[in-house]
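One file, entry_11.txt, carrying compact mmCIF, C-alpha atoms:
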# COMPACT_ATOMS: atom_id res chain seq x y z
CA MET A 1 0.00 0.00 0.00
CA SER A 2 1.34 3.42 -0.93
CA ILE A 3 2.01 5.98 1.81
CA LEU A 4 -0.14 8.50 -0.03
CA THR A 5 -3.16 6.20 0.20
CA TYR A 6 -2.76 5.22 3.85
CA ASN A 7 -5.28 7.71 5.23
CA GLY A 8 -7.34 8.31 2.09
CA GLY A 9 -8.95 11.56 1.02
CA VAL A 10 -9.55 13.77 -1.99
CA VAL A 11 -9.58 17.51 -2.72
CA ILE A 12 -10.95 19.26 -5.83
CA ALA A 13 -10.77 22.94 -6.76
CA MET A 14 -12.52 24.69 -9.64
CA LYS A 15 -12.52 28.14 -11.22
CA GLY A 16 -15.76 30.02 -11.81
CA LYS A 17 -16.82 33.51 -12.83
CA GLU A 18 -15.05 35.81 -10.34
CA CYS A 19 -15.07 32.98 -7.81
CA VAL A 20 -13.28 29.76 -6.97
CA ALA A 21 -14.47 26.69 -5.11
CA ILE A 22 -12.49 24.10 -3.16
CA ALA A 23 -14.03 20.92 -1.83
CA ALA A 24 -12.86 17.84 0.07
CA ASP A 25 -14.16 14.67 1.65
CA ARG A 26 -14.21 14.27 5.46
CA ARG A 27 -12.87 10.74 5.95
CA LEU A 28 -9.85 9.87 8.05
CA GLY A 29 -9.06 6.17 7.84
CA VAL A 30 -6.29 3.70 8.55
CA GLN A 31 -6.17 1.73 5.30
CA GLY A 32 -9.64 0.12 5.16
CA GLN A 33 -10.84 1.13 8.61
CA LEU A 34 -12.70 4.37 9.21
CA ILE A 35 -11.46 6.43 12.14
CA CYS A 36 -13.45 9.65 11.96
CA THR A 37 -15.82 11.52 9.67
CA ASN A 38 -14.91 15.10 10.49
CA PHE A 39 -11.30 15.38 9.40
CA ASN A 40 -10.29 18.77 8.06
CA ARG A 41 -8.00 18.87 5.08
CA ILE A 42 -8.77 22.38 3.85
CA PHE A 43 -7.10 25.25 5.68
CA GLU A 44 -7.67 28.99 5.47
CA MET A 45 -4.43 30.76 4.68
CA GLY A 46 -5.90 34.20 4.07
CA PRO A 47 -9.35 35.76 3.74
CA ASN A 48 -9.61 34.62 0.12
CA LEU A 49 -6.92 31.95 0.00
CA TYR A 50 -7.51 28.29 0.86
CA LEU A 51 -5.19 25.30 0.84
CA GLY A 52 -6.23 21.66 0.57
CA LEU A 53 -3.77 18.98 1.66
CA PRO A 54 -4.79 15.43 0.72
CA GLY A 55 -2.35 12.65 1.53
CA LEU A 56 -0.82 11.35 4.74
CA ALA A 57 -2.80 12.94 7.56
CA THR A 58 0.15 13.62 9.84
CA ASP A 59 1.87 15.54 7.03
CA THR A 60 -1.41 17.36 6.28
CA ALA A 61 -1.32 18.76 9.81
CA THR A 62 2.43 19.46 9.82
CA VAL A 63 2.61 21.15 6.42
CA ALA A 64 -0.41 23.32 7.21
CA GLN A 65 1.20 24.48 10.45
CA ARG A 66 4.65 25.10 8.94
CA LEU A 67 3.13 26.97 6.00
CA LYS A 68 1.07 29.16 8.31
CA PHE A 69 4.30 30.03 10.09
CA ARG A 70 6.00 31.08 6.83
CA LEU A 71 2.88 32.96 5.77
CA ASN A 72 2.73 34.90 9.03
CA LEU A 73 6.37 35.95 8.65
CA TYR A 74 5.71 37.01 5.06
CA GLU A 75 2.76 39.17 6.12
CA LEU A 76 4.78 40.75 8.92
CA ARG A 77 7.70 41.59 6.64
CA GLU A 78 5.69 42.71 3.61
CA ASN A 79 2.81 44.23 5.55
CA ARG A 80 0.28 43.01 3.01
CA ARG A 81 -1.73 39.95 2.07
CA ILE A 82 0.06 37.34 0.02
CA ARG A 83 -1.03 36.78 -3.56
CA PRO A 84 -2.15 33.23 -4.41
CA LYS A 85 0.52 32.84 -7.08
CA THR A 86 3.23 33.84 -4.61
CA PHE A 87 1.78 31.51 -1.98
CA SER A 88 2.07 28.68 -4.50
CA ALA A 89 5.75 29.42 -4.80
CA VAL A 90 6.14 29.35 -1.01
CA VAL A 91 4.41 25.94 -0.84
CA SER A 92 6.52 24.63 -3.69
CA ASN A 93 9.69 25.76 -1.95
CA LEU A 94 8.71 24.17 1.35
CA LEU A 95 8.07 20.84 -0.36
CA TYR A 96 11.22 20.86 -2.53
CA GLU A 97 13.36 21.56 0.54
CA ARG A 98 12.43 18.00 1.44
CA ARG A 99 13.19 16.63 -2.03
CA PHE A 100 14.78 13.36 -0.82
CA GLY A 101 12.55 12.75 2.21
CA PRO A 102 9.32 14.43 1.20
CA TYR A 103 6.10 15.31 2.95
CA PHE A 104 3.45 12.93 1.68
CA VAL A 105 0.90 15.53 0.71
CA GLU A 106 -0.17 16.85 -2.70
CA PRO A 107 -1.42 20.42 -2.13
CA VAL A 108 -4.38 22.07 -3.84
CA ILE A 109 -4.51 25.87 -3.68
CA ALA A 110 -7.56 27.99 -4.46
CA GLY A 111 -7.95 31.73 -4.04
CA LEU A 112 -8.66 35.16 -5.42
CA ASP A 113 -5.94 37.75 -6.00
CA PRO A 114 -6.27 40.38 -3.23
CA LYS A 115 -5.94 43.30 -5.68
CA THR A 116 -7.51 42.13 -8.96
CA ASN A 117 -9.86 39.43 -7.55
CA GLU A 118 -8.80 37.16 -10.36
CA PRO A 119 -9.50 33.46 -9.64
CA TYR A 120 -6.44 31.21 -9.13
CA ILE A 121 -6.12 27.47 -8.66
CA CYS A 122 -3.04 25.31 -8.46
CA ASN A 123 -2.06 21.78 -7.54
CA MET A 124 1.30 20.17 -6.90
CA ASP A 125 2.94 16.82 -6.54
CA LEU A 126 4.56 15.86 -3.27
CA ILE A 127 7.87 17.52 -4.16
CA GLY A 128 6.37 20.82 -5.22
CA CYS A 129 5.93 20.81 -8.98
CA PRO A 130 3.15 23.36 -9.59
CA ASN A 131 0.38 22.97 -12.13
CA GLU A 132 -1.76 26.05 -12.81
CA PRO A 133 -4.57 25.21 -15.23
CA GLU A 134 -7.52 27.33 -16.23
CA ASP A 135 -10.30 24.94 -15.22
CA PHE A 136 -9.97 22.53 -12.26
CA VAL A 137 -7.45 20.64 -10.16
CA VAL A 138 -7.74 17.37 -8.21
CA CYS A 139 -5.52 15.47 -5.77
CA GLY A 140 -6.06 12.42 -3.58
CA THR A 141 -6.90 8.73 -3.75
CA CYS A 142 -9.59 8.95 -6.43
CA VAL A 143 -7.95 11.29 -8.93
CA GLU A 144 -8.91 9.20 -11.93
CA GLN A 145 -12.57 9.24 -10.93
CA ALA A 146 -12.37 12.95 -10.06
CA TYR A 147 -10.74 13.87 -13.37
CA GLY A 148 -13.50 12.07 -15.21
CA MET A 149 -16.22 13.85 -13.24
CA CYS A 150 -14.63 17.30 -13.55
CA GLU A 151 -13.90 16.93 -17.24
CA SER A 152 -17.52 16.13 -17.98
CA LEU A 153 -19.22 18.56 -15.58
CA TRP A 154 -17.06 21.68 -15.66
CA GLU A 155 -17.70 24.56 -18.01
CA PRO A 156 -16.18 28.05 -17.96
CA ASN A 157 -17.71 31.08 -16.22
CA LEU A 158 -19.97 29.31 -13.77
CA GLU A 159 -21.74 31.56 -11.26
CA PRO A 160 -21.09 30.77 -7.56
CA ASP A 161 -24.32 28.82 -7.09
CA ASP A 162 -23.77 26.77 -10.24
CA LEU A 163 -20.12 26.25 -9.34
CA PHE A 164 -21.22 24.88 -5.96
CA GLU A 165 -23.51 22.35 -7.64
CA THR A 166 -20.87 21.36 -10.15
CA ILE A 167 -18.03 20.85 -7.69
CA SER A 168 -20.31 19.02 -5.23
CA GLN A 169 -21.53 16.55 -7.84
CA ALA A 170 -18.00 16.03 -9.16
CA LEU A 171 -16.65 15.37 -5.65
CA VAL A 172 -19.44 13.11 -4.43
CA ASN A 173 -19.68 10.94 -7.54
CA ALA A 174 -15.90 10.60 -7.65
CA PHE A 175 -15.47 9.52 -4.02
CA ASP A 176 -18.49 7.22 -4.14
CA ARG A 177 -16.38 5.01 -6.40
CA ASP A 178 -13.41 5.03 -4.01
CA ALA A 179 -13.16 2.78 -0.97
CA LEU A 180 -10.75 5.18 0.78
CA SER A 181 -12.58 8.52 0.45
CA GLY A 182 -15.99 9.84 1.27
CA TRP A 183 -18.01 9.80 4.47
CA GLY A 184 -19.15 13.39 4.06
CA GLY A 185 -18.04 16.41 2.08
CA ILE A 186 -17.26 20.09 2.65
CA VAL A 187 -17.27 22.83 0.03
CA TYR A 188 -15.87 26.38 0.25
CA ILE A 189 -17.11 28.91 -2.32
CA ILE A 190 -14.76 31.88 -2.36
CA GLU A 191 -16.09 35.14 -3.79
CA LYS A 192 -14.54 38.58 -3.54
CA ASP A 193 -16.69 39.74 -0.63
CA LYS A 194 -17.55 36.49 1.16
CA VAL A 195 -16.69 32.85 1.65
CA THR A 196 -19.52 30.31 1.97
CA VAL A 197 -18.91 26.97 3.62
CA LYS A 198 -21.34 24.15 3.00
CA GLU A 199 -21.30 20.61 4.34
CA LEU A 200 -22.56 17.89 2.03
CA LYS A 201 -24.83 15.11 3.18
CA THR A 202 -23.50 12.01 1.44
CA ARG A 203 -23.66 8.25 1.71
CA MET A 204 -21.59 7.12 4.69
CA ASP A 205 -20.08 3.92 3.39
CA MET B 206 -23.71 -13.02 7.41
CA ALA B 207 -26.42 -15.60 8.04
CA VAL B 208 -28.76 -16.24 10.97
CA GLU B 209 -30.95 -19.28 11.73
CA PHE B 210 -34.51 -18.93 12.95
CA ASP B 211 -37.32 -21.41 13.49
CA GLY B 212 -38.51 -22.09 9.97
CA GLY B 213 -35.53 -20.94 7.94
CA VAL B 214 -32.54 -18.64 7.68
CA VAL B 215 -31.90 -14.99 6.91
CA ILE B 216 -28.80 -14.28 4.84
CA GLY B 217 -27.42 -10.84 4.12
CA ALA B 218 -24.49 -9.15 2.40
CA ASP B 219 -23.28 -5.73 1.25
CA SER B 220 -22.88 -4.95 -2.45
CA ARG B 221 -19.35 -3.60 -2.91
CA THR B 222 -16.61 -5.22 -4.99
CA THR B 223 -13.25 -3.47 -5.01
CA THR B 224 -10.15 -3.76 -7.19
CA GLY B 225 -7.64 -2.26 -4.83
CA ALA B 226 -9.28 1.00 -3.76
CA TYR B 227 -11.48 1.37 -6.85
CA ILE B 228 -15.07 0.26 -6.40
CA ALA B 229 -15.52 -1.92 -9.44
CA ASN B 230 -19.12 -2.84 -8.70
CA ARG B 231 -21.31 -1.02 -6.16
CA VAL B 232 -24.40 -3.17 -6.66
CA THR B 233 -22.90 -6.68 -6.51
CA ASP B 234 -25.08 -9.63 -5.56
CA LYS B 235 -23.01 -11.69 -3.13
CA LEU B 236 -25.89 -14.03 -2.28
CA THR B 237 -25.51 -16.86 -4.76
CA ARG B 238 -28.03 -19.58 -5.48
CA ILE B 239 -26.87 -23.13 -5.06
CA THR B 240 -30.35 -24.68 -5.08
CA ASP B 241 -33.79 -23.11 -4.57
CA HIS B 242 -33.44 -23.63 -0.83
CA ILE B 243 -29.67 -23.30 -0.37
CA TYR B 244 -27.73 -20.09 -0.90
CA CYS B 245 -24.18 -19.04 -0.12
CA CYS B 246 -22.61 -15.75 0.94
CA ARG B 247 -19.26 -15.19 -0.77
CA SER B 248 -16.25 -13.28 0.58
CA GLY B 249 -12.60 -13.15 -0.41
CA SER B 250 -11.56 -13.41 -4.04
CA ALA B 251 -14.59 -12.87 -6.29
CA ALA B 252 -13.12 -15.10 -8.99
CA ASP B 253 -12.40 -17.97 -6.58
CA THR B 254 -15.80 -17.85 -4.90
CA GLN B 255 -17.74 -17.57 -8.15
CA ALA B 256 -15.88 -20.55 -9.58
CA ILE B 257 -16.44 -22.63 -6.43
CA ALA B 258 -20.14 -21.74 -6.22
CA ASP B 259 -20.65 -22.68 -9.88
CA ILE B 260 -18.95 -26.04 -9.39
CA VAL B 261 -20.84 -26.82 -6.17
CA ALA B 262 -24.19 -25.85 -7.75
CA TYR B 263 -23.42 -28.13 -10.68
CA GLN B 264 -22.45 -31.06 -8.49
CA LEU B 265 -25.56 -30.63 -6.34
CA SER B 266 -27.93 -30.48 -9.29
CA PHE B 267 -26.41 -33.80 -10.39
CA TYR B 268 -26.90 -35.15 -6.85
CA GLU B 269 -30.54 -34.08 -6.92
CA MET B 270 -31.12 -35.88 -10.19
CA GLU B 271 -29.52 -39.09 -8.99
CA LEU B 272 -31.14 -39.20 -5.54
CA GLU B 273 -34.50 -37.74 -6.65
CA GLU B 274 -34.71 -35.49 -3.62
CA PRO B 275 -33.32 -32.01 -2.90
CA PRO B 276 -29.90 -32.02 -1.22
CA SER B 277 -29.62 -31.15 2.46
CA VAL B 278 -27.85 -27.96 3.55
CA LYS B 279 -25.29 -30.13 5.36
CA THR B 280 -24.48 -31.92 2.09
CA ALA B 281 -24.07 -28.65 0.21
CA ALA B 282 -21.82 -27.28 2.94
CA SER B 283 -19.77 -30.50 2.86
CA VAL B 284 -19.24 -30.20 -0.87
CA PHE B 285 -18.05 -26.63 -0.33
CA ARG B 286 -15.74 -27.81 2.40
CA GLU B 287 -14.26 -30.61 0.26
CA PHE B 288 -13.34 -28.10 -2.38
CA CYS B 289 -12.09 -25.34 -0.09
CA TYR B 290 -9.96 -27.73 2.00
CA SER B 291 -8.47 -29.65 -0.95
CA TYR B 292 -7.38 -26.50 -2.72
CA ARG B 293 -6.74 -24.47 0.43
CA ASP B 294 -3.28 -23.30 -0.72
CA SER B 295 -4.59 -21.86 -3.98
CA LEU B 296 -7.86 -20.30 -2.88
CA THR B 297 -8.92 -17.21 -0.97
CA ALA B 298 -12.54 -18.02 -0.21
CA GLY B 299 -14.60 -17.38 2.90
CA ILE B 300 -18.03 -18.92 2.37
CA ILE B 301 -21.22 -19.07 4.41
CA CYS B 302 -23.59 -21.82 3.24
CA ALA B 303 -27.13 -21.40 4.53
CA GLY B 304 -30.58 -22.66 3.66
CA TRP B 305 -33.56 -24.76 4.60
CA ASP B 306 -34.20 -28.47 4.25
CA LYS B 307 -36.97 -30.80 5.43
CA ARG B 308 -34.80 -32.81 7.82
CA ASP B 309 -33.22 -30.11 9.98
CA GLY B 310 -35.00 -26.87 9.02
CA GLY B 311 -32.94 -23.68 8.79
CA GLN B 312 -29.17 -24.19 9.03
CA VAL B 313 -26.09 -21.96 8.78
CA TYR B 314 -22.67 -23.43 8.01
CA CYS B 315 -19.47 -21.44 8.06
CA ILE B 316 -16.53 -22.40 5.80
CA PRO B 317 -13.70 -19.93 6.48
CA LEU B 318 -10.31 -19.61 4.79
CA GLY B 319 -8.58 -22.91 5.61
CA GLY B 320 -11.58 -25.05 4.71
CA MET B 321 -13.06 -26.01 8.07
CA LEU B 322 -16.78 -26.63 8.36
CA VAL B 323 -18.83 -25.71 11.40
CA ARG B 324 -22.55 -25.19 11.95
CA GLN B 325 -23.44 -22.09 13.97
CA PRO B 326 -26.72 -20.40 14.94
CA PHE B 327 -25.40 -17.33 13.17
CA THR B 328 -22.11 -16.33 11.59
CA ILE B 329 -20.43 -13.29 10.08
CA GLY B 330 -17.65 -13.10 7.51
CA GLY B 331 -15.80 -10.78 5.17
CA SER B 332 -13.47 -7.83 5.80
CA GLY B 333 -16.18 -5.78 7.51
CA SER B 334 -17.05 -8.53 9.97
CA THR B 335 -14.13 -7.70 12.26
CA TYR B 336 -15.85 -4.43 13.19
CA VAL B 337 -19.10 -6.04 14.30
CA TYR B 338 -18.11 -9.09 16.37
CA GLY B 339 -18.91 -7.16 19.54
CA PHE B 340 -22.25 -5.97 18.20
CA VAL B 341 -23.46 -9.41 17.12
CA ASP B 342 -22.30 -11.08 20.33
CA ALA B 343 -24.12 -8.44 22.39
CA ASN B 344 -27.34 -8.35 20.38
CA TYR B 345 -28.03 -11.92 19.24
CA LYS B 346 -30.90 -13.79 20.89
CA PRO B 347 -31.60 -17.46 20.14
CA ASP B 348 -35.38 -16.92 19.94
CA PHE B 349 -35.40 -14.36 17.10
CA ASP B 350 -38.33 -14.66 14.72
CA LYS B 351 -38.06 -13.86 11.01
CA GLU B 352 -38.44 -10.07 11.25
CA ALA B 353 -36.18 -9.85 14.30
CA CYS B 354 -33.51 -11.70 12.29
CA VAL B 355 -33.98 -9.27 9.39
CA ASN B 356 -33.48 -6.29 11.71
CA PHE B 357 -30.47 -7.91 13.35
CA VAL B 358 -28.83 -8.59 9.97
CA SER B 359 -29.65 -5.12 8.59
CA ASN B 360 -28.23 -3.31 11.62
CA THR B 361 -25.09 -5.45 11.66
CA LEU B 362 -24.41 -4.94 7.98
CA ALA B 363 -25.11 -1.22 8.19
CA LEU B 364 -22.54 -0.83 10.98
CA ALA B 365 -19.91 -2.82 9.10
CA MET B 366 -20.56 -0.90 5.88
CA SER B 367 -20.12 2.35 7.75
CA ARG B 368 -16.74 1.45 9.23
CA ASP B 369 -15.12 -0.70 6.56
CA GLY B 370 -13.83 0.90 3.35
CA SER B 371 -14.19 -2.36 1.44
CA SER B 372 -17.88 -2.73 2.35
CA GLY B 373 -20.78 -0.57 1.27
CA GLY B 374 -23.48 0.00 -1.31
CA VAL B 375 -26.86 -1.57 -0.60
CA ILE B 376 -27.90 -4.28 1.85
CA ARG B 377 -29.05 -7.42 0.08
CA LEU B 378 -31.14 -9.82 2.16
CA GLY B 379 -32.51 -13.29 1.51
CA ILE B 380 -35.07 -15.06 3.68
CA ILE B 381 -35.04 -18.80 2.94
CA THR B 382 -37.90 -20.97 4.19
CA LYS B 383 -39.73 -24.05 2.95
CA ASP B 384 -41.33 -21.81 0.32
CA GLY B 385 -38.01 -20.82 -1.24
CA ILE B 386 -36.25 -17.46 -1.05
CA GLU B 387 -37.72 -14.01 -0.47
CA ARG B 388 -35.22 -11.37 -1.59
CA ARG B 389 -35.09 -7.83 -0.19
CA VAL B 390 -32.88 -4.81 -0.88
CA ILE B 391 -32.31 -2.00 1.62
CA LYS B 392 -30.86 1.09 -0.01
CA GLY B 393 -30.39 4.83 0.41
CA LYS B 394 -32.30 6.39 3.28
CA GLU B 395 -33.67 3.05 4.51
CA VAL B 396 -30.19 1.81 5.48
CA PRO B 397 -29.94 2.10 9.30
CA ARG B 398 -27.71 4.95 10.47
CA PHE B 399 -25.80 5.12 13.74
CA PHE B 400 -23.30 7.47 15.32
CA GLU B 401 -21.34 9.16 12.57
CA GLY B 402 -19.10 11.56 14.45
Entire entry expressed as structure tokens:
Amino acid sequence: MSILTYNGGVVIAMKGKECVAIAADRRLGVQGQLICTNFNRIFEMGPNLYLGLPGLATDTATVAQRLKFRLNLYELRENRRIRPKTFSAVVSNLLYERRFGPYFVEPVIAGLDPKTNEPYICNMDLIGCPNEPEDFVVCGTCVEQAYGMCESLWEPNLEPDDLFETISQALVNAFDRDALSGWGGIVYIIEKDKVTVKELKTRMD
Amino acid sequence: MAVEFDGGVVIGADSRTTTGAYIANRVTDKLTRITDHIYCCRSGSAADTQAIADIVAYQLSFYEMELEEPPSVKTAASVFREFCYSYRDSLTAGIICAGWDKRDGGQVYCIPLGGMLVRQPFTIGGSGSTYVYGFVDANYKPDFDKEACVNFVSNTLALAMSRDGSSGGVIRLGIITKDGIERRVIKGKEVPRFFEG
């Protein structure tokens, strides 16, 4: 069994019209066994900047904490909010520092630029190679299923409400075909003036 | 799992088949007909158990023709055991053989991995069974009637499906009596829900 599939989990992020959405499942397991159904793998890194960390749960917690530390120092030095693209570079650097003994997480970043409010999404492999597409990103134990769902459901310029529906359906139908993800879902819709969090009621098997 | 009651047996199973972590089939039927009154619950390798069940069903239909009476559950379970024990090094098959016959009524026989055969009032098997041994031991009563057995099986399976990643989907039930099998499916909102954190 791969270390990246030990705890299970999946995160998806999508771009919409002047908004982004990031969603994840809530399962924490130990291989086949469920441990809890309220595990958080999405972290707020700024008012309009969210980071999802699927992968080994202990590294999810550690990387989130270490990144927050670097982010705080950045904001103290620069006296401004970090831009999502810059934050991506910080994450990438943190992961590549551990090139030969990596953190077993594959980050997903979603946010709006603090000045221009332009949507930004990014995902990386466990050693920090960034991928910045124009549509959607997925990471976790059911990437193949999630790619299939996103590719068929996503279309450009979705309004926040439509984006919520789209990302929810993509997430739920992807993790319902994965034995290691699921047991609830959580979706963050990030718009320029507010962030909406919604919990999804899903099948719990 | 399978549970005996006065007049027959209740058998039940989940409906998930996985290839690694991918759920290849989420509506599998793991309750396989051997004869009209004898069914088996399959766990372990799907290929192994399907092959064994096919061979046993074939051998028993031959038996029925020769002896001109339906085979007993004990006979069916013995045939399973012969196979599973003889090829124990090559197979991964955990089988529960349950049914009704005229001589002994409802019977449940458990044939786990090495090929032993034992009759039990009820038995559980499969990867999800490890999570519910405590529940079944605490909640089983020997004087369950048919509907009490159905509730017992449904609740047990629901709990296992909730905890085990390799179990899930719908609950498939079979109630076998002298009149044959009555099949039920419990899906969606009707599946019992317990503490979910």
Proximity check chain A to chain B, 12 Å, nearest pairs one decimal Å, all atoms listed in the file, as CSV:
residue,atom,partner,partner_atom,distance
A:Met1,CA,B:Gly225,CA,9.3
A:Ser2,CA,B:Ala226,CA,11.3
A:Thr5,CA,B:Ala226,CA,9.0
A:Tyr6,CA,B:Ala226,CA,10.9
A:Asn7,CA,B:Gly370,CA,11.1
A:Gly8,CA,B:Ala226,CA,9.6
A:Gly9,CA,B:Ala226,CA,11.6
A:Arg26,CA,B:Gly402,CA,10.6
A:Arg27,CA,B:Gly370,CA,10.2
A:Leu28,CA,B:Gly370,CA,10.9
A:Gly29,CA,B:Gly370,CA,8.4
A:Val30,CA,B:Gly370,CA,9.6
A:Gln31,CA,B:Gly370,CA,7.9
A:Gly32,CA,B:Gly370,CA,4.6
A:Gln33,CA,B:Asp369,CA,5.1
A:Leu34,CA,B:Arg368,CA,5.0
A:Ile35,CA,B:Arg368,CA,7.8
A:Cys36,CA,B:Gly402,CA,6.5
A:Thr37,CA,B:Gly402,CA,5.8
A:Asn38,CA,B:Gly402,CA,6.8
A:Phe39,CA,B:Gly402,CA,10.0
A:Gly140,CA,B:Ala226,CA,11.9
A:Thr141,CA,B:Ala226,CA,8.1
A:Cys142,CA,B:Tyr227,CA,7.8
A:Val143,CA,B:Tyr227,CA,10.7
A:Glu144,CA,B:Tyr227,CA,9.7
A:Gln145,CA,B:Tyr227,CA,8.9
A:Asn173,CA,B:Ile228,CA,11.7
A:Ala174,CA,B:Tyr227,CA,10.3
A:Phe175,CA,B:Tyr227,CA,9.5
A:Asp176,CA,B:Ile228,CA,8.1
A:Arg177,CA,B:Ile228,CA,4.9
A:Asp178,CA,B:Tyr227,CA,5.0
A:Ala179,CA,B:Gly370,CA,4.8
A:Leu180,CA,B:Gly370,CA,5.9
A:Ser181,CA,B:Gly370,CA,8.2
A:Gly182,CA,B:Gly370,CA,9.4
A:Trp183,CA,B:Ser367,CA,8.4
A:Gly184,CA,B:Glu401,CA,9.8
A:Lys201,CA,B:Lys394,CA,11.5
A:Thr202,CA,B:Gly393,CA,10.0
A:Arg203,CA,B:Gly393,CA,7.7
A:Met204,CA,B:Ser367,CA,5.9
A:Asp205,CA,B:Ser367,CA,4.6
- Task: Just give me the gap between CA of Gly185 in chain A and CA of Phe136 in chain A in Å, one decimal is fine.
- Result: 17.6 Å
- Message: If we count all atoms listed in the file and set the cut-off at 10 Å, which residues sit around Val91 in chain A, ignoring sequence neighbours fewer than 4 positions away in its own chain? Please answer as a list in words.
- Response: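 Contacts, in chain order: Leu51, Val63, Ala64, Arg66, Leu67, Arg70, Leu71, Thr86, Phe87, Leu95, Tyr96, Pro107, Ile109, Met124, Ile127, Gly128, Cys129 and Pro130 of chain A.
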- Query: Neighbours of Leu126 in chain A within 10 Å (only C-alpha atoms; same-chain residues fewer than 5 positions away dropped), as a count of residues only?
  - Reply: 13
- Please provide the set of residues having any atom within 8 Å of Glu287 in chain B, restricted to only C-alpha atoms, with same-chain residues fewer than 4 positions apart removed, written as a list in words. Ser283, Ser291 and Gly320 of chain B
Residues from last step as file, C-alpha atoms, as a short mmCIF file (atom, residue, chain, number, x, y, z; two decimals), in the frame of the given file:
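Generated file (out26.cif):
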data_model
loop_
_atom_site.label_atom_id
_atom_site.label_comp_id
_atom_site.auth_asym_id
_atom_site.auth_seq_id
_atom_site.Cartn_x
_atom_site.Cartn_y
_atom_site.Cartn_z
CA SER B 283 -19.77 -30.50 2.86
CA SER B 291 -8.47 -29.65 -0.95
CA GLY B 320 -11.58 -25.05 4.71
#
- In Å, how far is it from CA of Pro275 in chain B to CA of Ala207 in chain B?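 Distance reported for this atom pair: 20.9 Å.
Here CA of Lys235 in chain B is placed at a distance of 7.4 Å from CA of Asp219 in chain B.
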Leaving out Ala256 in chain B and any residue of its chain fewer than 6 positions from it, which residues lie within 12 Å of it when counting all atoms listed in the file, given as a PDB file with C-alpha atoms, in the coordinates of the input?
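For reference, part_39.pdb as written:
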ATOM      1  CA  THR B 237     -25.510 -16.860  -4.760  1.00  0.00           C
ATOM      2  CA  ARG B 247     -19.260 -15.190  -0.770  1.00  0.00           C
ATOM      3  CA  SER B 250     -11.560 -13.410  -4.040  1.00  0.00           C
ATOM      4  CA  ALA B 262     -24.190 -25.850  -7.750  1.00  0.00           C
ATOM      5  CA  TYR B 263     -23.420 -28.130 -10.680  1.00  0.00           C
ATOM      6  CA  PHE B 285     -18.050 -26.630  -0.330  1.00  0.00           C
ATOM      7  CA  PHE B 288     -13.340 -28.100  -2.380  1.00  0.00           C
ATOM      8  CA  CYS B 289     -12.090 -25.340  -0.090  1.00  0.00           C
ATOM      9  CA  LEU B 296      -7.860 -20.300  -2.880  1.00  0.00           C
ATOM     10  CA  THR B 297      -8.920 -17.210  -0.970  1.00  0.00           C
ATOM     11  CA  ALA B 298     -12.540 -18.020  -0.210  1.00  0.00           C
TER      12      ALA B 298
END
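For the choices B:Ser220, B:Ser334, B:Ser295, B:Gln325, the atom-to-atom distance to Asp234 in chain B is smallest for B:Ser220 when using all atoms listed in the file.
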- Item | B:Asn344, B:Ser248, B:Thr254, B:Thr240 ranked by distance to Ala281 in chain B, top pick (using only C-alpha atoms) | B:Thr240
- May I ask which of the residues B:Arg293, B:Ile216, B:Thr233, B:Thr328 is the closest one to Asn356 in chain B, counting only C-alpha atoms?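 Residue with the minimum atom-to-atom distance to Asn356 in chain B: B:Ile216.
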Enclose all atoms of range 280-291 of chain B listed in the file in an axis-aligned box, grow every side by 8 Å, and hand back centre and edge lengths in Å to one decimal, as JSON.
{"center_x": -16.5, "center_y": -28.6, "center_z": 0.3, "size_x": 32.0, "size_y": 22.6, "size_z": 21.3}
